[in-house]
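Here is the structure we will look at.
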Amino acid sequence: MKSYKYIVLALLLPFAIVSNAQDEDKTLKDVLTEALNDNSSGCSVTAKLVQAVGLMEQLGNTEDMEYLQAKESGRIQDLPNHPSEYKPGYLPEHRYIGYTLFYVPDTWWVEKLGKQLNDITVDDVAQYVLSNNLVSSSAANNQDYTSLDNALNQFVTYHILPAKIERDKLVIHFNELWYNVTDKVKTASVFDYYTTMGKRRLLKTYEASQTYGDRRQNVIWLNRFPVLDNGPHGNYTELACDADKQGVEIYEGEKVFTNGIMYPVSGVLSCSEEAMDNWVFERLRMDFTTLLPELMTNDIRCNPNDDDQSLRKGFPVDAEYKYLDNCIIKPGTRLYYLTGRMRKTYSWHNYQGDELNAVGQYDVTFTLPPVPRDGTYELRIGVSSAQNRGICKVYFGTDPENLRPIGLPLDMRRGLMYWNLGSGIVESNIGYEADDPNDDLANRHTDMLLKSQGYMKAPNSYYKVGNSITMRSEVSTYYSIGRRVLGEYDLQSDKKYYIRFANALDDESSQLYLDYIEICPKDVYLNPTAEEDIW
């Protein structure tokens, strides 16, 4: 069997960690420009690299003032009352621009390059990147550092995200398995995935209840791939982690500025083919809101407040103003952001506690994140079936203006057990059976029967706050939580893919429900030696 290795260099090198620093009057550009001539900053090498790849000016952007003018002038308006929420979709107050930068401290570079800090050059780092196979073998070995094809450019931009992400949102804690939002005791592994700047690649954030080995808590990692207790009766905690899959630790001591956050990390990230092989068994489950960096930067995503303005937002169609870079919103669409985080003892059935919800003659297209490696993948979406859902046409491909339809329209009213038709509720008759805790074989048979018809039970890794069962077991006559398989596709890591949802009904109150999407590699769902886990 092929050995999948991941290059992680110099984990946990000691260096001075300062307390969290905040300077809301400065941008990342301001701070990095100052660091170019300040050896005490701890990030002077990073500053040189950012300048060399041509990102310094971009990291000075703070806000889209044209959006603010359009909002204040009344050119764009709040969305009307949502048909089931009975409240408006409030326009975001601002369209701030933000970034997250994971930087390797100067002391790390001094030790690795064997030079005094003043003597370290951009060319030194570029050579180190190439010598240690930290980027794709197809990356250009030249000094055109501003090119997205350049090796140094790919290395630097793999450490930067186009969203300002606070520490408590690097991974989302809300309704993972038995997590309590009051005492905040972490019980199971959580993760998220983000698309980097520059040449689009995927970056994983991850936190375990305790890391394997040293049993540390409250440690967030980048690109960590542990062995999890993910059997039918497991608890989704770490069982082991190979040394070459430990990832890079995000240290405490981040620096917060007007338009971004800089997190010190324990070592460099690699995006080489060898590093990307670590993703071969990684099922990518991403909240739809994670695909939209503006929601994180503007404190819309998982805002803990429960006032009307925080519970629901609305976005203008692109013809009026394009607020979301990774979403095409066509005329006739009313796209809302909704959160079910109303109280600490109750929530909706959403993964991570929020959703996107569209009504009207909706027609929305999302840019999907890149896959980490070429291969065959299965596309799925999470669905909470209910009577107020609708039927949507789904399209997929590489040309957003000419996407191909995926099979028959998707009926979001039909759940695992019941079909919520306008005339009443009938049984779905697709073979659903609740899990038997004493018969794993029967449970697996049910899973196979459901999947043969394009259905899957929901993951076992999260639950509805206030309930005593996981989402995998959530079924009633009014709603059904599950997954729908959209199709199997050969995907390439260097291509951009889009998914489109369009209303198939005349009923403009019928809802498009978008909670999360899964992009699952074939090595997971069709592995001859290990069945896909229920988590």
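The way I read the labels, and the way they are meant: chains A, B, ... in the order of the structure tokens, residue 1 as the first residue of every chain, and ligand 1 as the first ligand shown, with later ones counted on from there.
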
Residues within 7 Å of region 523-535 of chain A, only C-alpha atoms, excluding chain neighbours under 4 positions, as a ChimeraX atom specification: /A:230-232,280-281,283,459-461

Where in region 254-307 of chain A does DSSP assign strand (DSSP E or B), given as an mmCIF file with C-alpha atoms, in the first residue's frame?
```cif
data_model
loop_
_atom_site.group_PDB
_atom_site.id
_atom_site.type_symbol
_atom_site.label_atom_id
_atom_site.label_comp_id
_atom_site.auth_asym_id
_atom_site.auth_seq_id
_atom_site.Cartn_x
_atom_site.Cartn_y
_atom_site.Cartn_z
ATOM 1 C CA LYS A 255 -2.035 40.107 16.545
ATOM 2 C CA VAL A 256 -5.360 41.707 15.652
ATOM 3 C CA PHE A 257 -5.595 44.683 13.315
ATOM 4 C CA GLY A 260 -6.854 41.132 9.655
ATOM 5 C CA ILE A 261 -5.285 38.809 12.172
ATOM 6 C CA MET A 262 -1.778 37.364 12.250
ATOM 7 C CA TYR A 263 -1.390 34.008 13.994
ATOM 8 C CA PRO A 264 2.080 32.644 14.835
ATOM 9 C CA VAL A 265 2.452 28.983 13.856
ATOM 10 C CA LEU A 284 -14.694 17.378 3.073
ATOM 11 C CA ARG A 285 -17.774 18.638 4.903
ATOM 12 C CA MET A 286 -18.183 22.401 4.660
ATOM 13 C CA ASP A 287 -20.952 24.649 5.832
#
```

Report the closest atom pair, with its distance in Å rounded to one decimal, for each residue of region 279-320 of chain A that has an atom no farther than 9 Å from region 84-105 of chain A; count only C-alpha atoms, sort by chain and then rising residue number, and write it as JSON lines.
```
{"residue": "A:Pro293", "atom": "CA", "partner": "A:Gly98", "partner_atom": "CA", "distance": 8.6}
{"residue": "A:Glu294", "atom": "CA", "partner": "A:Arg95", "partner_atom": "CA", "distance": 7.2}
{"residue": "A:Met296", "atom": "CA", "partner": "A:Gly98", "partner_atom": "CA", "distance": 8.9}
{"residue": "A:Thr297", "atom": "CA", "partner": "A:Gly98", "partner_atom": "CA", "distance": 5.6}
{"residue": "A:Asn298", "atom": "CA", "partner": "A:Tyr96", "partner_atom": "CA", "distance": 6.0}
{"residue": "A:Ile300", "atom": "CA", "partner": "A:Pro92", "partner_atom": "CA", "distance": 7.9}
{"residue": "A:Asp308", "atom": "CA", "partner": "A:Lys87", "partner_atom": "CA", "distance": 7.9}
{"residue": "A:Gln309", "atom": "CA", "partner": "A:Tyr90", "partner_atom": "CA", "distance": 6.2}
{"residue": "A:Ser310", "atom": "CA", "partner": "A:Tyr90", "partner_atom": "CA", "distance": 8.7}
{"residue": "A:Arg312", "atom": "CA", "partner": "A:Gly89", "partner_atom": "CA", "distance": 5.6}
{"residue": "A:Lys313", "atom": "CA", "partner": "A:Gly89", "partner_atom": "CA", "distance": 4.4}
{"residue": "A:Gly314", "atom": "CA", "partner": "A:Gly89", "partner_atom": "CA", "distance": 4.0}
{"residue": "A:Phe315", "atom": "CA", "partner": "A:Leu91", "partner_atom": "CA", "distance": 6.1}
{"residue": "A:Pro316", "atom": "CA", "partner": "A:Leu91", "partner_atom": "CA", "distance": 7.8}
```

Kindly save the residues from that selection, with N, CA and C atoms included, as an mmCIF file, in the first residue's frame.
```cif
data_model
loop_
_atom_site.group_PDB
_atom_site.id
_atom_site.type_symbol
_atom_site.label_atom_id
_atom_site.label_comp_id
_atom_site.auth_asym_id
_atom_site.auth_seq_id
_atom_site.Cartn_x
_atom_site.Cartn_y
_atom_site.Cartn_z
ATOM 1 N N PRO A 293 -16.390 34.166 2.284
ATOM 2 C CA PRO A 293 -15.516 34.832 3.260
ATOM 3 C C PRO A 293 -16.117 36.092 3.869
ATOM 4 N N GLU A 294 -16.975 36.784 3.140
ATOM 5 C CA GLU A 294 -17.558 38.033 3.646
ATOM 6 C C GLU A 294 -18.353 37.804 4.933
ATOM 7 N N MET A 296 -17.673 35.779 7.389
ATOM 8 C CA MET A 296 -16.779 35.714 8.539
ATOM 9 C C MET A 296 -16.181 37.081 8.832
ATOM 10 N N THR A 297 -15.695 37.751 7.808
ATOM 11 C CA THR A 297 -15.055 39.051 7.998
ATOM 12 C C THR A 297 -16.003 40.060 8.618
ATOM 13 N N ASN A 298 -17.277 40.001 8.259
ATOM 14 C CA ASN A 298 -18.255 40.982 8.727
ATOM 15 C C ASN A 298 -19.067 40.493 9.924
ATOM 16 N N ILE A 300 -20.934 38.027 10.513
ATOM 17 C CA ILE A 300 -22.279 37.507 10.257
ATOM 18 C C ILE A 300 -22.334 36.029 10.626
ATOM 19 N N ASP A 308 -32.637 40.568 16.372
ATOM 20 C CA ASP A 308 -33.145 40.367 15.011
ATOM 21 C C ASP A 308 -32.072 40.590 13.958
ATOM 22 N N GLN A 309 -31.247 41.619 14.138
ATOM 23 C CA GLN A 309 -30.243 41.953 13.130
ATOM 24 C C GLN A 309 -29.197 40.853 12.991
ATOM 25 N N SER A 310 -28.926 40.120 14.087
ATOM 26 C CA SER A 310 -27.920 39.060 14.042
ATOM 27 C C SER A 310 -28.496 37.731 13.590
ATOM 28 N N ARG A 312 -30.824 37.111 11.324
ATOM 29 C CA ARG A 312 -31.141 36.967 9.898
ATOM 30 C C ARG A 312 -30.570 38.138 9.103
ATOM 31 N N LYS A 313 -29.933 37.799 7.996
ATOM 32 C CA LYS A 313 -29.394 38.792 7.074
ATOM 33 C C LYS A 313 -29.941 38.513 5.677
ATOM 34 N N GLY A 314 -29.889 39.527 4.836
ATOM 35 C CA GLY A 314 -30.301 39.369 3.451
ATOM 36 C C GLY A 314 -29.260 39.974 2.534
ATOM 37 N N PHE A 315 -29.163 39.449 1.320
ATOM 38 C CA PHE A 315 -28.138 39.903 0.384
ATOM 39 C C PHE A 315 -28.778 40.360 -0.917
ATOM 40 N N PRO A 316 -28.325 41.478 -1.461
ATOM 41 C CA PRO A 316 -28.905 41.975 -2.717
ATOM 42 C C PRO A 316 -28.538 41.068 -3.881
#
```

Give me the residues near Ser428 (chain A) as a short mmCIF file (atom, residue, chain, number, x, y, z; two decimals) with N, CA and C atoms, in the first residue's frame, where near means some atom within 8 Å (using only C-alpha atoms) and where sequence neighbours in that chain fewer than 5 positions away do not count.
```
data_model
loop_
_atom_site.label_atom_id
_atom_site.label_comp_id
_atom_site.auth_asym_id
_atom_site.auth_seq_id
_atom_site.Cartn_x
_atom_site.Cartn_y
_atom_site.Cartn_z
N ARG A 414 -39.07 15.77 0.53
CA ARG A 414 -39.04 14.32 0.76
C ARG A 414 -37.87 13.95 1.66
N GLY A 415 -38.19 13.41 2.82
CA GLY A 415 -37.17 13.02 3.76
C GLY A 415 -36.94 11.52 3.79
N LEU A 416 -36.19 11.08 4.77
CA LEU A 416 -35.86 9.67 4.86
C LEU A 416 -37.07 8.80 5.15
N MET A 417 -38.03 9.37 5.91
CA MET A 417 -39.19 8.57 6.32
C MET A 417 -40.51 9.13 5.81
N TYR A 418 -40.60 10.47 5.69
CA TYR A 418 -41.86 11.08 5.31
C TYR A 418 -41.66 12.07 4.17
N TRP A 419 -42.74 12.26 3.42
CA TRP A 419 -42.76 13.17 2.27
C TRP A 419 -43.81 14.23 2.58
#
```

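Straight-line separation from CA of Ser41 (chain A) to CA of Asn223 (chain A): 26.3 Å.
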
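Using only C-alpha atoms, the contacts of Ser493 (chain A) at a cut-off of 9 Å, with sequence neighbours closer than 5 positions omitted, comprise Arg200, Arg201, Pro370, Val371, Pro372, Arg373, Asp374 and Gly375 of chain A.
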
Need the shell around region 290-292 of chain A: protein/DNA/RNA residues with any atom at most 8 Å away, counting only C-alpha atoms. Skip same-chain ones fewer than 6 positions apart. Format as a PyMOL selection string? chain A and resi 193-194+324-327+366-369

Preceding selection exported with C-alpha atoms as a PDB file, in the first residue's frame:
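Dumped to result02.pdb:
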```
ATOM      1  CA  TYR A 193     -11.857  24.016   5.415  1.00  0.00           C
ATOM      2  CA  TYR A 194     -10.911  27.298   3.772  1.00  0.00           C
ATOM      3  CA  LEU A 324     -20.679  37.867  -2.093  1.00  0.00           C
ATOM      4  CA  ASP A 325     -17.700  37.155  -4.339  1.00  0.00           C
ATOM      5  CA  ASN A 326     -18.280  33.388  -4.412  1.00  0.00           C
ATOM      6  CA  CYS A 327     -22.017  33.479  -5.066  1.00  0.00           C
ATOM      7  CA  PHE A 366     -21.713  28.989  -5.703  1.00  0.00           C
ATOM      8  CA  THR A 367     -18.006  28.712  -6.399  1.00  0.00           C
ATOM      9  CA  LEU A 368     -16.848  25.496  -4.765  1.00  0.00           C
ATOM     10  CA  PRO A 369     -13.523  25.204  -2.943  1.00  0.00           C
TER      11      PRO A 369
END
```

Determine which residues of region 287-318 of chain A receive a DSSP assignment of alpha helix (DSSP H), computed from the backbone, and state them as an MDAnalysis selection string. chainID A and resid 293:297 308:311

Please produce an output containing C-alpha atoms for each residue in the selection, written as a short mmCIF file (atom, residue, chain, number, x, y, z; two decimals), in the first residue's frame.
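Writing the result to result30.cif gives the following:
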```
data_model
loop_
_atom_site.label_atom_id
_atom_site.label_comp_id
_atom_site.auth_asym_id
_atom_site.auth_seq_id
_atom_site.Cartn_x
_atom_site.Cartn_y
_atom_site.Cartn_z
CA PRO A 293 -15.52 34.83 3.26
CA GLU A 294 -17.56 38.03 3.65
CA LEU A 295 -19.75 36.35 6.26
CA MET A 296 -16.78 35.71 8.54
CA THR A 297 -15.05 39.05 8.00
CA ASP A 308 -33.15 40.37 15.01
CA GLN A 309 -30.24 41.95 13.13
CA SER A 310 -27.92 39.06 14.04
CA LEU A 311 -30.40 36.22 13.54
#
```

What lies within 7 Å of Thr365 (chain A) using only C-alpha atoms, ignoring chain neighbours under 4 positions off, as a ChimeraX atom specification? /A:327-329,498-501

Name the residues in contact with Asn357 (chain A) at a cut-off of 9 Å, using only C-alpha atoms, excluding same-chain residues fewer than 3 positions from it; report them as an MDAnalysis selection string. chainID A and resid 334:338 511:515

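Closest approach to Glu274 (chain A) among A:Ile519, A:Pro437, A:Val110, A:Lys245: A:Lys245, based on only C-alpha atoms.
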
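Rounded to one decimal, CA of Ser131 (chain A) and CA of Asp244 (chain A) lie 18.1 Å from each other.
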
Min atom-atom distance to Val156 (chain A) from the set A:Glu401, A:Ser137, A:Gln51, A:Thr62, counting only C-alpha atoms, belongs to A:Gln51

Could you jot down the CA of Lys26 (chain A) to CA of Asn259 (chain A) separation for me, Å, one decimal place? 8.1 Å

Of the listed residues A:Leu55, A:Val190, A:Leu222, A:Val45, that which approaches Leu203 (chain A) most closely, counting only C-alpha atoms: A:Leu222

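In terms of minimum interatomic distance to Asn278 (chain A), A:Phe225 ranks closest within A:Ser266, A:Leu421, A:Lys330, A:Phe225, counting only C-alpha atoms.
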
Find the residue from A:Leu59, A:Leu408, A:Leu441, A:Val185 that sits nearest to Ala163 (chain A); use only C-alpha atoms when measuring. A:Leu59
